[in-house]
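Quick notes on the structure that follows.
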Amino acid sequence: MKVLKKNWWLAGLILALILALLSPLASPHPDGLERVAADQGVGDQAQDAPYQVMPDYAFPGIENDALATIVAGLLGTLLLFGLGYGLAWFLRRRSSAA
Amino acid sequence: MHIPDGFISTGTAVVTYAAAAGGIGYALRRVNRELDERQVPLLGVTAAFLFAAQMMNFPVAGGTSGHLLGGALAAILLGPWAGALVLTAVVAVQALLFQDGGLLALGANVLNMALIGVLVGWLTYSSLKRLLGQRPWASLAAGFAAAWLSVVIASLAASVELAVSGTWPLGVALPAMGLVHALIGLGEGLITVGVLAFLQATRPDLLVLNRAASQAGGAG
């Protein structure tokens, strides 16, 4: 716990990863925009992406749906941590150089 | 409210991409001067948390779900410009890797969720904090209102873009989108307040890193 108290960002990242572990519990219902589109009768106008990496937050090739979602969620969470951190690091470097 | 491809006309795509690019460029220029050293990991944690939280659809009335957008939360934690950039990263990764939101529609989705959502959240939060002053519940009340309004306004922007694209009639879609997102916005408000209260109790120092936010409260 002492490590987490000192490295609050690690605690935050772990919290986000725990949230990603719970992602199979998400409601499967259509979201607000999908619901309104369906009510308007235009839901089927939606087109699939020209390529698929992890469509619908499912890591490809994993039979178990919940596991596929968890793996995709963990990967995305780590990637976004890296992107956010990298972005801030880059911006600060740029501003101190200027 | 990620718009898929097929809902956005080419003209609307071009205009929304241009608006999103302009907004991101402006945010990149503004953010430099405001970034505290400790905000570097906070940007990472916020991006990671918002991605994970956006996967957690919660049910609202009538077989519909919603999920956190986090525009207000990001703005409160990081300021509007860093917040907009973090949301842009989330929305872009969702479209590019998870096929959530279209590629042609990416400009519109960034515009709605990363720029409009964050700025509405920020303006609401900072004006309400100025209004409510240093009352202990001011941050939470302002955070709830900012979160709710940011979702509703972002959904109205999406309604207009789809109407301009000829996908649905504005007169029907605008109230329908506003109504369902008024409900989803309550969830957004509760989660936002929950995170703010958690941070207030555990790491209040992280809440005042964002210089602009503490100034809005009059504390300087």
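Following the order of the structure tokens, chains are lettered A, B, ..., residues in each are numbered from 1, and ligands are numbered from 1.
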
(request) Can you list, as a ChimeraX atom specification, all residues belonging to stretch 1-219 of chain B that DSSP tags as helix (DSSP H, G or I)? (result) /B:10-34,39-55,71-78,80-98,106-132,138-164,170-202,204-207,211-216

Can you pull out the residues contacting stretch 89-91 of chain A? Cut-off 10 Å, using only C-alpha atoms, and skip same-chain residues under 6 positions away; I want them as a PDB file with N, CA and C atoms, in the first residue's frame.
ATOM      1  N   LEU A  83      -0.521   6.699 -24.283  1.00  0.00           N
ATOM      2  CA  LEU A  83      -0.767   7.844 -25.169  1.00  0.00           C
ATOM      3  C   LEU A  83      -0.906   9.140 -24.375  1.00  0.00           C
ATOM      4  N   ALA A  97      11.491  23.723 -24.093  1.00  0.00           N
ATOM      5  CA  ALA A  97      12.481  24.037 -25.117  1.00  0.00           C
ATOM      6  C   ALA A  97      12.216  25.407 -25.730  1.00  0.00           C
TER       7      ALA A  97
ATOM      8  N   LEU B  28      -3.713  22.365 -28.676  1.00  0.00           N
ATOM      9  CA  LEU B  28      -2.277  22.079 -28.598  1.00  0.00           C
ATOM     10  C   LEU B  28      -1.490  23.342 -28.290  1.00  0.00           C
ATOM     11  N   ARG B  29      -1.918  24.458 -28.867  1.00  0.00           N
ATOM     12  CA  ARG B  29      -1.199  25.705 -28.621  1.00  0.00           C
ATOM     13  C   ARG B  29      -1.442  26.219 -27.207  1.00  0.00           C
ATOM     14  N   VAL B  31      -2.354  24.463 -24.442  1.00  0.00           N
ATOM     15  CA  VAL B  31      -2.099  23.556 -23.319  1.00  0.00           C
ATOM     16  C   VAL B  31      -0.689  23.709 -22.774  1.00  0.00           C
ATOM     17  N   ASN B  32       0.268  24.056 -23.621  1.00  0.00           N
ATOM     18  CA  ASN B  32       1.673  24.153 -23.210  1.00  0.00           C
ATOM     19  C   ASN B  32       1.881  24.961 -21.951  1.00  0.00           C
ATOM     20  N   ARG B  33       1.238  26.099 -21.901  1.00  0.00           N
ATOM     21  CA  ARG B  33       1.522  27.069 -20.850  1.00  0.00           C
ATOM     22  C   ARG B  33       0.916  26.655 -19.517  1.00  0.00           C
ATOM     23  N   LEU B  35       0.581  23.287 -18.306  1.00  0.00           N
ATOM     24  CA  LEU B  35       0.807  21.923 -17.843  1.00  0.00           C
ATOM     25  C   LEU B  35       1.806  21.873 -16.685  1.00  0.00           C
ATOM     26  N   GLU B  37       4.041  19.715 -13.875  1.00  0.00           N
ATOM     27  CA  GLU B  37       4.823  18.469 -14.022  1.00  0.00           C
ATOM     28  C   GLU B  37       4.025  17.242 -13.595  1.00  0.00           C
ATOM     29  N   GLN B  39       1.040  16.781 -13.834  1.00  0.00           N
ATOM     30  CA  GLN B  39      -0.074  16.480 -14.738  1.00  0.00           C
ATOM     31  C   GLN B  39       0.316  15.480 -15.813  1.00  0.00           C
ATOM     32  N   VAL B  40       1.629  15.218 -15.963  1.00  0.00           N
ATOM     33  CA  VAL B  40       2.050  14.256 -16.979  1.00  0.00           C
ATOM     34  C   VAL B  40       1.448  12.869 -16.697  1.00  0.00           C
ATOM     35  N   PRO B  41       1.687  12.294 -15.495  1.00  0.00           N
ATOM     36  CA  PRO B  41       1.019  11.010 -15.231  1.00  0.00           C
ATOM     37  C   PRO B  41      -0.499  11.139 -15.120  1.00  0.00           C
ATOM     38  N   LEU B  43      -2.457  12.916 -16.949  1.00  0.00           N
ATOM     39  CA  LEU B  43      -3.015  12.795 -18.303  1.00  0.00           C
ATOM     40  C   LEU B  43      -3.131  11.326 -18.692  1.00  0.00           C
ATOM     41  N   GLY B  44      -2.087  10.549 -18.365  1.00  0.00           N
ATOM     42  CA  GLY B  44      -2.113   9.120 -18.678  1.00  0.00           C
ATOM     43  C   GLY B  44      -3.223   8.400 -17.934  1.00  0.00           C
ATOM     44  N   ALA B  82      -6.003  20.408 -22.195  1.00  0.00           N
ATOM     45  CA  ALA B  82      -5.467  19.062 -21.999  1.00  0.00           C
ATOM     46  C   ALA B  82      -6.608  18.041 -21.978  1.00  0.00           C
TER      47      ALA B  82
END

(request) Fewer than 6 positions away in the same chain doesn't count, so skip those; otherwise give me all residues within 8 Å of B:Met1, counting only C-alpha atoms, as a ChimeraX atom specification. (result) /A:31-34 /B:155,158

(message) Show me, as a ChimeraX atom specification, every residue of chain A with an atom at most 8 Å from chain B, counting only C-alpha atoms.
(response) /A:9,12-13,15-17,19-20,22-23,25-37,40,42,45-49,52-58,73,76-86,88-89,91-92,94-95

(request) Could you jot down the atom CA of B:Leu77 to atom CA of B:Val118 separation for me, Å, one decimal place? (result) 11.1 Å
